[in-house]
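Visitor: Here you go, this is upload09.cif (mmCIF, C-alpha atoms).
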data_model
#
loop_
_atom_site.group_PDB
_atom_site.id
_atom_site.type_symbol
_atom_site.label_atom_id
_atom_site.label_comp_id
_atom_site.auth_asym_id
_atom_site.auth_seq_id
_atom_site.Cartn_x
_atom_site.Cartn_y
_atom_site.Cartn_z
ATOM 1 C CA MET A 1 0.000 0.000 0.000
ATOM 2 C CA ILE A 2 1.346 3.398 -0.985
ATOM 3 C CA GLY A 3 -0.600 5.704 1.283
ATOM 4 C CA VAL A 4 -4.034 7.331 1.467
ATOM 5 C CA LEU A 5 -5.911 8.989 -1.387
ATOM 6 C CA PHE A 6 -8.146 12.008 -0.757
ATOM 7 C CA VAL A 7 -10.685 12.749 -3.480
ATOM 8 C CA THR A 8 -11.362 16.445 -2.934
ATOM 9 C CA ASP A 9 -12.387 19.667 -4.541
ATOM 10 C CA PRO A 10 -9.423 21.674 -5.939
ATOM 11 C CA LEU A 11 -6.751 22.086 -3.266
ATOM 12 C CA PRO A 12 -6.302 25.860 -3.795
ATOM 13 C CA GLY A 13 -9.971 26.337 -2.861
ATOM 14 C CA LEU A 14 -9.751 24.489 0.465
ATOM 15 C CA GLN A 15 -9.532 26.646 3.593
ATOM 16 C CA ALA A 16 -6.539 25.121 5.302
ATOM 17 C CA GLU A 17 -7.251 26.815 8.632
ATOM 18 C CA ILE A 18 -10.658 25.119 9.068
ATOM 19 C CA ASP A 19 -11.247 22.403 6.460
ATOM 20 C CA ALA A 20 -11.967 18.978 7.953
ATOM 21 C CA SER A 21 -10.387 17.196 4.997
ATOM 22 C CA ILE A 22 -7.088 18.895 5.763
ATOM 23 C CA GLY A 23 -7.360 17.857 9.393
ATOM 24 C CA LEU A 24 -7.719 14.251 8.247
ATOM 25 C CA MET A 25 -4.734 14.685 5.928
ATOM 26 C CA ALA A 26 -2.620 16.027 8.792
ATOM 27 C CA ALA A 27 -3.607 13.113 11.027
ATOM 28 C CA THR A 28 -2.801 10.672 8.216
ATOM 29 C CA GLN A 29 0.601 12.254 7.767
ATOM 30 C CA ASP A 30 1.195 11.891 11.525
ATOM 31 C CA LEU A 31 0.658 8.170 10.989
ATOM 32 C CA ASP A 32 3.658 8.262 8.615
ATOM 33 C CA LEU A 33 1.455 7.503 5.638
ATOM 34 C CA ASP A 34 1.823 9.380 2.372
ATOM 35 C CA VAL A 35 -0.993 11.796 1.524
ATOM 36 C CA TRP A 36 -2.181 11.739 -2.085
ATOM 37 C CA CYS A 37 -4.909 13.973 -3.543
ATOM 38 C CA CYS A 38 -7.007 14.092 -6.671
ATOM 39 C CA GLU A 39 -10.167 15.659 -8.042
ATOM 40 C CA PRO A 40 -13.060 13.645 -9.495
ATOM 41 C CA ALA A 41 -11.905 14.384 -13.050
ATOM 42 C CA ASP A 42 -8.601 12.630 -12.290
ATOM 43 C CA LEU A 43 -10.337 9.240 -11.948
ATOM 44 C CA ALA A 44 -10.703 6.869 -14.904
ATOM 45 C CA VAL A 45 -11.441 3.195 -15.517
ATOM 46 C CA VAL A 46 -8.827 1.555 -17.730
ATOM 47 C CA ASP A 47 -9.053 -2.140 -18.623
ATOM 48 C CA GLY A 48 -11.550 -2.632 -15.811
ATOM 49 C CA ARG A 49 -9.302 -1.040 -13.177
ATOM 50 C CA LEU A 50 -9.881 2.317 -11.503
ATOM 51 C CA ARG A 51 -6.874 4.527 -12.118
ATOM 52 C CA VAL A 52 -6.072 7.978 -10.830
ATOM 53 C CA ARG A 53 -3.726 10.793 -11.678
ATOM 54 C CA ALA A 54 -2.836 11.792 -8.116
ATOM 55 C CA ARG A 55 -0.640 14.405 -6.487
ATOM 56 C CA ARG A 56 1.441 13.503 -3.450
ATOM 57 C CA ILE A 57 1.696 16.341 -0.945
ATOM 58 C CA ARG A 58 3.271 17.018 2.408
ATOM 59 C CA LEU A 59 1.489 19.344 4.798
ATOM 60 C CA ARG A 60 3.490 22.097 6.416
ATOM 61 C CA PRO A 61 3.451 22.531 10.221
ATOM 62 C CA ARG A 62 0.349 24.046 11.815
ATOM 63 C CA VAL A 63 -0.605 25.201 15.298
ATOM 64 C CA PRO A 64 -3.996 26.027 16.851
ATOM 65 C CA GLY A 65 -5.040 29.667 16.805
ATOM 66 C CA ASP A 66 -7.074 31.575 19.365
ATOM 67 C CA ASP A 67 -10.437 30.324 18.107
ATOM 68 C CA HIS A 68 -11.625 27.525 15.802
ATOM 69 C CA ARG A 69 -8.932 28.202 13.203
ATOM 70 C CA TRP A 70 -5.455 26.765 12.753
ATOM 71 C CA ILE A 71 -2.483 28.977 11.959
ATOM 72 C CA VAL A 72 -1.052 27.738 8.671
ATOM 73 C CA ASP A 73 1.216 29.015 5.922
ATOM 74 C CA PRO A 74 -0.615 30.596 2.966
ATOM 75 C CA GLN A 75 0.943 27.788 0.934
ATOM 76 C CA TRP A 76 -0.051 25.042 3.366
ATOM 77 C CA TYR A 77 1.471 22.078 1.554
ATOM 78 C CA ASP A 78 4.463 21.105 -0.558
ATOM 79 C CA ASP A 79 3.867 19.382 -3.879
ATOM 80 C CA LEU A 80 5.924 16.185 -4.122
ATOM 81 C CA GLY A 81 4.900 15.259 -7.658
ATOM 82 C CA THR A 82 2.191 13.397 -9.534
ATOM 83 C CA ALA A 83 1.772 9.833 -10.740
ATOM 84 C CA VAL A 84 -0.844 7.664 -12.438
ATOM 85 C CA LEU A 85 -1.696 4.831 -10.038
ATOM 86 C CA ASP A 86 -4.120 1.996 -9.492
ATOM 87 C CA VAL A 87 -6.587 3.136 -6.819
ATOM 88 C CA ALA A 88 -6.531 -0.373 -5.323
ATOM 89 C CA SER A 89 -2.899 0.228 -4.331
ATOM 90 C CA PHE A 90 -3.943 2.786 -1.691
ATOM 91 C CA ALA A 91 -4.560 1.685 1.878
ATOM 92 C CA LEU A 92 -7.697 3.850 1.991
ATOM 93 C CA VAL A 93 -9.638 6.383 -0.050
ATOM 94 C CA HIS A 94 -11.431 9.347 1.519
ATOM 95 C CA LEU A 95 -14.361 10.704 -0.520
ATOM 96 C CA ARG A 96 -14.237 14.362 0.500
ATOM 97 C CA ILE A 97 -15.900 16.441 -2.207
ATOM 98 C CA ASP A 98 -18.513 18.892 -1.001
ATOM 99 C CA PRO A 99 -22.200 18.349 -1.699
ATOM 100 C CA PRO A 100 -24.612 18.782 -3.377
ATOM 101 C CA VAL A 101 -24.945 15.177 -4.462
ATOM 102 C CA ASP A 102 -25.336 16.190 -8.087
ATOM 103 C CA ALA A 103 -24.326 14.400 -11.291
ATOM 104 C CA ARG A 104 -20.622 15.096 -10.646
ATOM 105 C CA TYR A 105 -20.838 13.694 -7.145
ATOM 106 C CA LEU A 106 -22.875 10.645 -8.191
ATOM 107 C CA HIS A 107 -20.549 9.826 -11.083
ATOM 108 C CA THR A 108 -17.632 9.941 -8.651
ATOM 109 C CA THR A 109 -19.367 7.473 -6.326
ATOM 110 C CA TYR A 110 -19.989 5.045 -9.189
ATOM 111 C CA LEU A 111 -16.327 5.151 -10.158
ATOM 112 C CA LEU A 112 -15.262 4.617 -6.558
ATOM 113 C CA ASP A 113 -17.447 1.512 -6.406
ATOM 114 C CA LEU A 114 -14.594 0.046 -8.473
ATOM 115 C CA ALA A 115 -11.838 1.255 -6.129
ATOM 116 C CA GLY A 116 -10.711 -2.199 -5.009
ATOM 117 C CA THR A 117 -9.928 -0.788 -1.560
ATOM 118 C CA ARG A 118 -11.892 0.736 1.318
ATOM 119 C CA VAL A 119 -13.652 4.049 0.637
ATOM 120 C CA VAL A 120 -14.815 6.293 3.501
ATOM 121 C CA ASN A 121 -17.667 6.997 3.412
ATOM 122 C CA ARG A 122 -18.897 4.038 1.350
ATOM 123 C CA PRO A 123 -20.216 5.386 -1.972
ATOM 124 C CA ALA A 124 -23.237 3.069 -2.065
ATOM 125 C CA GLY A 125 -24.144 4.152 1.468
ATOM 126 C CA ILE A 126 -24.097 7.819 0.488
ATOM 127 C CA ARG A 127 -26.384 7.061 -2.435
ATOM 128 C CA ALA A 128 -28.725 5.022 -0.245
ATOM 129 C CA LEU A 129 -29.126 7.504 2.619
ATOM 130 C CA HIS A 130 -29.806 11.100 1.645
ATOM 131 C CA GLU A 131 -28.207 13.221 4.350
ATOM 132 C CA LYS A 132 -30.995 15.807 4.423
ATOM 133 C CA LEU A 133 -33.791 13.206 4.431
ATOM 134 C CA MET A 134 -32.221 10.400 6.460
ATOM 135 C CA ALA A 135 -33.372 12.065 9.675
ATOM 136 C CA LEU A 136 -36.973 11.545 8.561
ATOM 137 C CA HIS A 137 -36.495 7.792 8.932
ATOM 138 C CA HIS A 138 -36.910 8.687 12.618
ATOM 139 C CA PRO A 139 -39.742 11.276 12.667
ATOM 140 C CA GLU A 140 -40.230 10.853 16.399
ATOM 141 C CA LEU A 141 -36.787 12.402 16.898
ATOM 142 C CA CYS A 142 -37.275 15.388 14.571
ATOM 143 C CA PRO A 143 -39.131 18.681 14.811
ATOM 144 C CA PRO A 144 -42.312 18.957 12.694
ATOM 145 C CA THR A 145 -41.178 18.750 9.062
ATOM 146 C CA HIS A 146 -42.716 19.145 5.609
ATOM 147 C CA VAL A 147 -40.870 18.162 2.426
ATOM 148 C CA GLY A 148 -42.307 19.233 -0.912
ATOM 149 C CA ALA A 149 -42.377 21.762 -3.728
ATOM 150 C CA ASP A 150 -45.927 23.138 -3.491
ATOM 151 C CA PRO A 151 -45.686 26.704 -2.102
ATOM 152 C CA HIS A 152 -49.289 26.641 -0.887
ATOM 153 C CA ALA A 153 -48.863 23.365 1.023
ATOM 154 C CA LEU A 154 -45.681 24.773 2.532
ATOM 155 C CA ARG A 155 -47.545 27.973 3.416
ATOM 156 C CA ALA A 156 -50.112 25.905 5.316
ATOM 157 C CA PHE A 157 -47.277 24.210 7.188
ATOM 158 C CA VAL A 158 -45.814 27.582 8.176
ATOM 159 C CA THR A 159 -49.238 28.596 9.505
ATOM 160 C CA GLN A 160 -49.302 25.396 11.544
ATOM 161 C CA VAL A 161 -45.869 25.836 13.148
ATOM 162 C CA GLY A 162 -45.599 29.635 13.240
ATOM 163 C CA THR A 163 -42.097 30.005 11.812
ATOM 164 C CA ALA A 164 -40.133 27.573 9.671
ATOM 165 C CA VAL A 165 -36.577 27.104 8.459
ATOM 166 C CA VAL A 166 -36.720 26.272 4.757
ATOM 167 C CA LYS A 167 -33.742 24.748 2.946
ATOM 168 C CA PRO A 168 -33.131 23.037 -0.395
ATOM 169 C CA VAL A 169 -33.086 19.251 -0.340
ATOM 170 C CA ASP A 170 -29.631 19.326 -1.965
ATOM 171 C CA GLY A 171 -28.236 22.285 -0.033
ATOM 172 C CA PHE A 172 -25.180 22.517 2.198
ATOM 173 C CA ALA A 173 -23.226 24.904 4.424
ATOM 174 C CA GLY A 174 -26.217 27.177 5.020
ATOM 175 C CA ASN A 175 -26.626 28.041 1.344
ATOM 176 C CA GLY A 176 -30.171 28.820 0.243
ATOM 177 C CA VAL A 177 -31.631 28.622 3.766
ATOM 178 C CA TRP A 178 -34.662 30.815 4.501
ATOM 179 C CA LEU A 179 -36.466 31.807 7.693
ATOM 180 C CA VAL A 180 -40.168 32.007 6.836
ATOM 181 C CA ARG A 181 -42.647 33.532 9.267
ATOM 182 C CA ASP A 182 -46.421 33.285 9.276
ATOM 183 C CA ASP A 183 -47.009 36.665 7.674
ATOM 184 C CA HIS A 184 -47.932 38.277 4.361
ATOM 185 C CA GLY A 185 -44.430 37.718 2.967
ATOM 186 C CA ALA A 186 -44.457 33.935 3.423
ATOM 187 C CA ILE A 187 -45.920 32.863 0.075
ATOM 188 C CA ALA A 188 -43.490 35.025 -1.922
ATOM 189 C CA LEU A 189 -40.521 33.574 -0.044
ATOM 190 C CA LEU A 190 -41.792 30.023 -0.537
ATOM 191 C CA GLU A 191 -42.351 30.595 -4.249
ATOM 192 C CA SER A 192 -38.768 31.821 -4.512
ATOM 193 C CA ALA A 193 -37.348 28.965 -2.416
ATOM 194 C CA THR A 194 -39.142 26.344 -4.554
ATOM 195 C CA TYR A 195 -38.482 28.088 -7.901
ATOM 196 C CA GLY A 196 -42.202 28.508 -8.351
ATOM 197 C CA GLY A 197 -43.036 24.974 -7.255
ATOM 198 C CA ARG A 198 -40.346 23.237 -9.332
ATOM 199 C CA ARG A 199 -37.801 22.438 -6.599
ATOM 200 C CA PRO A 200 -38.541 20.471 -3.409
ATOM 201 C CA VAL A 201 -37.443 21.957 -0.115
ATOM 202 C CA ILE A 202 -37.369 20.885 3.510
ATOM 203 C CA ALA A 203 -39.357 23.036 5.917
ATOM 204 C CA GLN A 204 -38.900 22.470 9.639
ATOM 205 C CA GLN A 205 -40.385 24.226 12.615
ATOM 206 C CA TYR A 206 -38.017 26.931 13.796
ATOM 207 C CA LEU A 207 -36.755 26.031 17.257
ATOM 208 C CA THR A 208 -36.129 29.161 19.322
ATOM 209 C CA ALA A 209 -33.781 27.129 21.532
ATOM 210 C CA VAL A 210 -31.218 27.398 18.722
ATOM 211 C CA ALA A 211 -30.143 30.629 20.428
ATOM 212 C CA GLN A 212 -28.652 28.431 23.158
ATOM 213 C CA GLY A 213 -26.864 26.368 20.562
ATOM 214 C CA ASN A 214 -26.883 23.673 17.926
ATOM 215 C CA LYS A 215 -24.922 20.543 18.808
ATOM 216 C CA ARG A 216 -22.768 18.797 16.247
ATOM 217 C CA LEU A 217 -22.352 15.187 17.379
ATOM 218 C CA PHE A 218 -19.396 13.396 15.821
ATOM 219 C CA LEU A 219 -20.086 9.712 15.122
ATOM 220 C CA LEU A 220 -17.445 7.154 14.189
ATOM 221 C CA ASP A 221 -18.804 3.806 13.036
ATOM 222 C CA GLY A 222 -22.090 4.759 14.680
ATOM 223 C CA GLU A 223 -20.529 5.575 18.054
ATOM 224 C CA LEU A 224 -20.318 9.025 19.637
ATOM 225 C CA VAL A 225 -16.722 10.273 19.858
ATOM 226 C CA GLY A 226 -17.240 13.985 20.517
ATOM 227 C CA ALA A 227 -19.593 16.941 20.439
ATOM 228 C CA VAL A 228 -19.328 20.675 20.010
ATOM 229 C CA LEU A 229 -21.760 23.557 20.510
ATOM 230 C CA ARG A 230 -22.407 26.067 17.735
ATOM 231 C CA ARG A 231 -24.547 29.211 17.872
ATOM 232 C CA PRO A 232 -26.041 31.534 15.273
ATOM 233 C CA ALA A 233 -23.750 34.326 14.200
ATOM 234 C CA ALA A 234 -24.680 37.847 15.283
ATOM 235 C CA GLY A 235 -27.475 39.168 13.092
ATOM 236 C CA ASP A 236 -28.036 35.787 11.399
ATOM 237 C CA PHE A 237 -30.358 32.892 12.249
ATOM 238 C CA ARG A 238 -28.018 30.354 10.619
ATOM 239 C CA ILE A 239 -25.473 28.383 12.604
ATOM 240 C CA GLY A 240 -21.971 29.749 13.013
ATOM 241 C CA PRO A 241 -18.642 28.127 13.969
ATOM 242 C CA PRO A 242 -18.072 26.059 17.121
ATOM 243 C CA VAL A 243 -17.885 27.982 20.384
ATOM 244 C CA ALA A 244 -17.695 25.462 23.251
ATOM 245 C CA VAL A 245 -17.753 21.829 24.248
ATOM 246 C CA ALA A 246 -21.281 20.392 24.184
ATOM 247 C CA GLY A 247 -22.700 18.366 27.020
ATOM 248 C CA ILE A 248 -24.337 15.050 26.126
ATOM 249 C CA ASP A 249 -27.828 14.280 27.447
ATOM 250 C CA ALA A 250 -30.384 11.491 27.169
ATOM 251 C CA HIS A 251 -31.855 12.967 23.959
ATOM 252 C CA ASP A 252 -28.449 12.882 22.277
ATOM 253 C CA ARG A 253 -27.858 9.297 23.345
ATOM 254 C CA ALA A 254 -31.272 8.267 22.009
ATOM 255 C CA ILE A 255 -30.492 9.863 18.652
ATOM 256 C CA VAL A 256 -27.112 8.106 18.444
ATOM 257 C CA ALA A 257 -28.689 4.780 19.396
ATOM 258 C CA ALA A 258 -31.281 5.164 16.625
ATOM 259 C CA LEU A 259 -28.842 6.246 13.915
ATOM 260 C CA GLY A 260 -25.820 4.097 14.770
ATOM 261 C CA PRO A 261 -26.954 0.745 13.328
ATOM 262 C CA GLU A 262 -28.181 2.364 10.108
ATOM 263 C CA LEU A 263 -24.904 4.213 9.609
ATOM 264 C CA ARG A 264 -22.831 1.093 10.260
ATOM 265 C CA ASP A 265 -24.942 -1.054 7.933
ATOM 266 C CA HIS A 266 -24.309 1.373 5.081
ATOM 267 C CA GLY A 267 -20.593 1.901 5.702
ATOM 268 C CA LEU A 268 -21.015 5.542 6.740
ATOM 269 C CA VAL A 269 -18.047 5.551 9.079
ATOM 270 C CA VAL A 270 -17.776 9.304 9.659
ATOM 271 C CA ALA A 271 -20.950 11.309 10.304
ATOM 272 C CA GLY A 272 -21.871 14.667 11.775
ATOM 273 C CA VAL A 273 -25.276 14.796 13.429
ATOM 274 C CA ASP A 274 -26.957 18.150 14.064
ATOM 275 C CA VAL A 275 -29.229 18.459 17.097
ATOM 276 C CA ILE A 276 -31.202 21.434 18.447
ATOM 277 C CA ASP A 277 -32.952 21.209 21.804
ATOM 278 C CA GLY A 278 -32.863 17.419 21.731
ATOM 279 C CA ARG A 279 -34.335 17.246 18.205
ATOM 280 C CA LEU A 280 -32.582 15.659 15.247
ATOM 281 C CA ILE A 281 -32.104 18.121 12.362
ATOM 282 C CA GLU A 282 -29.891 16.347 9.828
ATOM 283 C CA VAL A 283 -27.175 13.720 9.407
ATOM 284 C CA ASN A 284 -24.095 14.822 7.465
ATOM 285 C CA VAL A 285 -22.452 11.932 5.598
ATOM 286 C CA THR A 286 -21.307 13.248 2.199
ATOM 287 C CA CYS A 287 -18.343 15.263 3.467
ATOM 288 C CA PRO A 288 -18.762 15.494 7.258
ATOM 289 C CA GLY A 289 -16.974 18.467 8.740
ATOM 290 C CA GLY A 290 -16.351 20.350 11.946
ATOM 291 C CA MET A 291 -13.626 18.078 13.336
ATOM 292 C CA HIS A 292 -10.700 20.307 12.385
ATOM 293 C CA LYS A 293 -12.395 23.417 13.818
ATOM 294 C CA THR A 294 -13.253 21.596 17.035
ATOM 295 C CA ASP A 295 -9.703 20.311 17.443
ATOM 296 C CA ALA A 296 -8.348 23.872 17.106
ATOM 297 C CA LEU A 297 -10.913 25.355 19.507
ATOM 298 C CA LEU A 298 -11.002 22.717 22.234
ATOM 299 C CA GLY A 299 -7.663 20.940 21.912
ATOM 300 C CA THR A 300 -9.394 17.657 21.032
ATOM 301 C CA ARG A 301 -7.972 15.141 18.565
ATOM 302 C CA LEU A 302 -11.042 14.123 16.619
ATOM 303 C CA SER A 303 -9.191 13.938 13.302
ATOM 304 C CA HIS A 304 -6.565 11.681 14.857
ATOM 305 C CA THR A 305 -9.227 9.539 16.518
ATOM 306 C CA ILE A 306 -10.851 8.925 13.135
ATOM 307 C CA VAL A 307 -7.587 8.092 11.382
ATOM 308 C CA SER A 308 -6.446 5.913 14.268
ATOM 309 C CA HIS A 309 -9.717 3.989 14.137
ATOM 310 C CA LEU A 310 -9.431 3.474 10.398
ATOM 311 C CA PHE A 311 -5.951 2.031 10.821
ATOM 312 C CA GLU A 312 -6.786 -0.129 13.831
ATOM 313 C CA GLY A 313 -5.239 2.012 16.525
ATOM 314 C CA ALA A 314 -1.807 2.280 14.973
ATOM 315 C CA LEU A 315 -1.568 5.959 15.906
ATOM 316 C CA LEU A 316 -2.288 5.445 19.618
#
So, in terms of structure tokens, how does the structure I just supplied come out?

Guide:
Amino acid sequence: MIGVLFVTDPLPGLQAEIDASIGLMAATQDLDLDVWCCEPADLAVVDGRLRVRARRIRLRPRVPGDDHRWIVDPQWYDDLGTAVLDVASFALVHLRIDPPVDARYLHTTYLLDLAGTRVVNRPAGIRALHEKLMALHHPELCPPTHVGADPHALRAFVTQVGTAVVKPVDGFAGNGVWLVRDDHGAIALLESATYGGRRPVIAQQYLTAVAQGNKRLFLLDGELVGAVLRRPAAGDFRIGPPVAVAGIDAHDRAIVAALGPELRDHGLVVAGVDVIDGRLIEVNVTCPGGMHKTDALLGTRLSHTIVSHLFEGALL
């Protein structure tokens, strides 16, 4: 085995001070394994084998900053050259391209089905369990939710719950998220959010307890390995960066117990579960993040815990 392959978005676009993929790369490097990177377009099937044009890099030293960011060089890695390799020769492949799970993402998962080595998270598992809708497998754990494209049906839901958070089914990182109140502006906002009834959205009851924080629970093979508290940024209802360690309560444990077996069965090794006031919001499995920020803020070693687990404790 020649190291670990990270399938990512273009390296120059990654934010080295916060990106979870880079935290996993750093932990992999600490295991004395070579770090290789590629983009989806670098993958190809040749004579029935998945091949990749990959770049080997070495991360430069980093130290935690005063908040959730790491202090890194502007050029955060050294390029050690490229090679065309059989993907099966890698000890592990990390699928770390950002959602949405669009045609580009899906095509990448189908290619990685042919990897011939372990892929985290398992491509078939990502296709099977939609991260925005997986929570609805457990409606008893979620706030009141309506999924659909009909603005008038969504308007009736807003009337029922008072205020709703509305987000695209294929959204990520707070993009395209709306706060819709039960007032005369609701129908216009819902028509815009659904592109006039052509795009389905998820509407959930707005939980005022979000002001006290949104918990990100970090799950590894379905088991809880850490948690961090995040709060809305000033002047914004959407969730901001991590601010403090999060306490774990009976609601959190019930959510983990419900999700754990399903995640394990589908090979979704790394997951980030969002919880507000004991209610399950969503389950992040496409490119779960937050570990690198939490490690910088709290001095934890979540990235190392994940890598250590994947390599059977060799780092401990």

Visitor: What is the atom CA of A:Pro10-atom CA of A:His292 distance in Å, reported with one decimal?

Guide: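 Atom-to-atom, atom CA of A:Pro10 to atom CA of A:His292, that is 18.4 Å.
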
Visitor: Of the residues A:His146, A:Arg96, A:Lys293, A:Arg60, which is the one nearest to A:Arg216, using all atoms listed in the file?

Guide: A:Lys293

Visitor: Given the file shown, enumerate the residues that the PyMOL selection byres ((chain A and resi 275) around 10) captures and present them as a list of chain:residue names.

Guide: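 Answer for the PyMOL selection byres ((chain A and resi 275) around 10): A:Leu141, A:Cys142, A:Val210, A:Gly213, A:Asn214, A:Lys215, A:Arg216, A:Leu217, A:Leu229, A:His251, A:Asp252, A:Ile255, A:Gly272, A:Val273, A:Asp274, A:Ile276, A:Asp277, A:Gly278, A:Arg279, A:Leu280, A:Ile281, A:Glu282, A:Val283.
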
Visitor: Of the candidates A:Leu133, A:Val101, A:Val4, A:Leu31, which shows the shortest atom-to-atom distance to A:Thr305, using all atoms listed in the file?

Guide: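 Answer, going by the shortest atom-to-atom distance: A:Leu31.
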
Visitor: To verify the selection step, state as a ChimeraX atom specification which residues the PyMOL selection byres ((chain A and resi 234-241) around 8) yields on this input.

Guide: /A:68,174,177,179,214,230-233,242-243,293

Visitor: What would the list of residues within 12 Å of (-39.2, 25.5, -2.0) (file frame) look like as a ChimeraX atom specification, if all atoms listed in the file are what count?

Guide: /A:146-155,164-171,176-180,186-203

Visitor: I need the residue set behind the PyMOL selection byres ((chain A and resi 78) around 6) for this file; please write it as a ChimeraX atom specification.

Guide: /A:57-58,77,79

Visitor: What is the atom CA of A:Asp295 to atom CA of A:Pro64 distance in Å?

Guide: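 Separation between atom CA of A:Asp295 and atom CA of A:Pro64: 8.1 Å.
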
Visitor: By how many Å are atom CA of A:Arg69 and atom CA of A:Gln15 apart?

Guide: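 Rounded to one decimal, the two atoms are 9.8 Å apart.
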
Visitor: I want to know what sits within 9 Å of stretch 51-53 of chain A, based on only C-alpha atoms, with residues of the same chain fewer than 6 positions away left out; could you give that as number ranges by chain?

Guide: A: 37-39, 41-45, 82-88, 115

Visitor: Name all residues at most 10 Å from A:Asp30 (count only C-alpha atoms; drop same-chain ones fewer than 3 positions away) and give them as a list in words.

Guide: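 Answer for this query is Leu24, Met25, Ala26, Ala27, Leu33, Asp34, His304, Val307 and Leu315 of chain A.
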
Visitor: Calculated over only C-alpha atoms, which of the candidates A:Asp98, A:Glu312, A:Asp19, A:Asp265 has the smallest distance to A:Leu129?

Guide: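 Using only C-alpha atoms, the shortest distance to A:Leu129 belongs to A:Asp265.
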
Visitor: Could you give me the axis-aligned bounding box of stretch 193-197 of chain A, with 3 Å of padding per side, as centre plus edge lengths in Å to one decimal, as AutoDock Vina command-line options?

Guide:
--center_x -40.2 --center_y 27.0 --center_z -5.4 --size_x 11.7 --size_y 10.0 --size_z 11.9

Visitor: Between A:Pro143, A:Gly65, A:Ser308, A:His107, single out the one closest to A:Asp32, counting only C-alpha atoms.

Guide: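 So, comparing all the options, the nearest one is A:Ser308.
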
Visitor: Leaving out A:Met291 and any residue of its chain fewer than 6 positions from it, which residues lie within 8 Å of it when counting only C-alpha atoms, given as a ChimeraX atom specification?

Guide: /A:20,23,218,302-303

Visitor: Pull C-alpha atoms from the residues just selected and write them as a JSON list (two decimals), keeping the file's coordinate frame.

Guide:
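That gives us out_28.json:
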[["chain", "number", "residue", "atom", "x", "y", "z"],
["A", 20, "ALA", "CA", -11.97, 18.98, 7.95],
["A", 23, "GLY", "CA", -7.36, 17.86, 9.39],
["A", 218, "PHE", "CA", -19.40, 13.40, 15.82],
["A", 302, "LEU", "CA", -11.04, 14.12, 16.62],
["A", 303, "SER", "CA", -9.19, 13.94, 13.30]]

Visitor: Looking at A:Val285, A:Ala296, A:Val245, A:Leu50, which one is nearest to A:Ala124, with distances taken over all atoms listed in the file?

Guide: A:Val285

Visitor: Which polymer residues, protein or nucleic acid, are no farther than 6 Å from (-4.8, 23.2, 10.2), counting all atoms listed in the file, as a ChimeraX atom specification?

Guide: /A:16-17,23,62,70

Visitor: Next, the residues of the selection above should be written as a PDB file, in the frame of the given file with C-alpha atoms.

Guide:
ATOM      1  CA  ALA A  16      -6.539  25.121   5.302  1.00  0.00           C
ATOM      2  CA  GLU A  17      -7.251  26.815   8.632  1.00  0.00           C
ATOM      3  CA  GLY A  23      -7.360  17.857   9.393  1.00  0.00           C
ATOM      4  CA  ARG A  62       0.349  24.046  11.815  1.00  0.00           C
ATOM      5  CA  TRP A  70      -5.455  26.765  12.753  1.00  0.00           C
TER       6      TRP A  70
END

Visitor: Contacts of stretch 256-264 of chain A at 9 Å or less, counting all atoms listed in the file, minus same-chain residues fewer than 6 places along, as an mmCIF file with C-alpha atoms, in the frame of the given file?

Guide:
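See around.cif below for the written result:
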data_model
loop_
_atom_site.group_PDB
_atom_site.id
_atom_site.type_symbol
_atom_site.label_atom_id
_atom_site.label_comp_id
_atom_site.auth_asym_id
_atom_site.auth_seq_id
_atom_site.Cartn_x
_atom_site.Cartn_y
_atom_site.Cartn_z
ATOM 1 C CA GLY A 125 -24.144 4.152 1.468
ATOM 2 C CA LEU A 129 -29.126 7.504 2.619
ATOM 3 C CA ALA A 135 -33.372 12.065 9.675
ATOM 4 C CA HIS A 138 -36.910 8.687 12.618
ATOM 5 C CA LEU A 217 -22.352 15.187 17.379
ATOM 6 C CA LEU A 219 -20.086 9.712 15.122
ATOM 7 C CA LEU A 220 -17.445 7.154 14.189
ATOM 8 C CA ASP A 221 -18.804 3.806 13.036
ATOM 9 C CA GLY A 222 -22.090 4.759 14.680
ATOM 10 C CA GLU A 223 -20.529 5.575 18.054
ATOM 11 C CA LEU A 224 -20.318 9.025 19.637
ATOM 12 C CA VAL A 270 -17.776 9.304 9.659
ATOM 13 C CA ALA A 271 -20.950 11.309 10.304
ATOM 14 C CA VAL A 273 -25.276 14.796 13.429
ATOM 15 C CA VAL A 283 -27.175 13.720 9.407
#

Visitor: Which of these, A:Gly48, A:Pro12, A:Pro144, A:Gly3, has the shortest distance to A:Val93 once you count only C-alpha atoms?

Guide: A:Gly3

Visitor: From the structure block, carefully write stretch 248-262 of chain A out with C-alpha atoms; format it as a PDB file, in the first residue's frame.

Guide:
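Here's the written file decode31.pdb:
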ATOM      1  CA  ILE A 248     -24.337  15.050  26.126  1.00  0.00           C
ATOM      2  CA  ASP A 249     -27.828  14.280  27.447  1.00  0.00           C
ATOM      3  CA  ALA A 250     -30.384  11.491  27.169  1.00  0.00           C
ATOM      4  CA  HIS A 251     -31.855  12.967  23.959  1.00  0.00           C
ATOM      5  CA  ASP A 252     -28.449  12.882  22.277  1.00  0.00           C
ATOM      6  CA  ARG A 253     -27.858   9.297  23.345  1.00  0.00           C
ATOM      7  CA  ALA A 254     -31.272   8.267  22.009  1.00  0.00           C
ATOM      8  CA  ILE A 255     -30.492   9.863  18.652  1.00  0.00           C
ATOM      9  CA  VAL A 256     -27.112   8.106  18.444  1.00  0.00           C
ATOM     10  CA  ALA A 257     -28.689   4.780  19.396  1.00  0.00           C
ATOM     11  CA  ALA A 258     -31.281   5.164  16.625  1.00  0.00           C
ATOM     12  CA  LEU A 259     -28.842   6.246  13.915  1.00  0.00           C
ATOM     13  CA  GLY A 260     -25.820   4.097  14.770  1.00  0.00           C
ATOM     14  CA  PRO A 261     -26.954   0.745  13.328  1.00  0.00           C
ATOM     15  CA  GLU A 262     -28.181   2.364  10.108  1.00  0.00           C
TER      16      GLU A 262
END
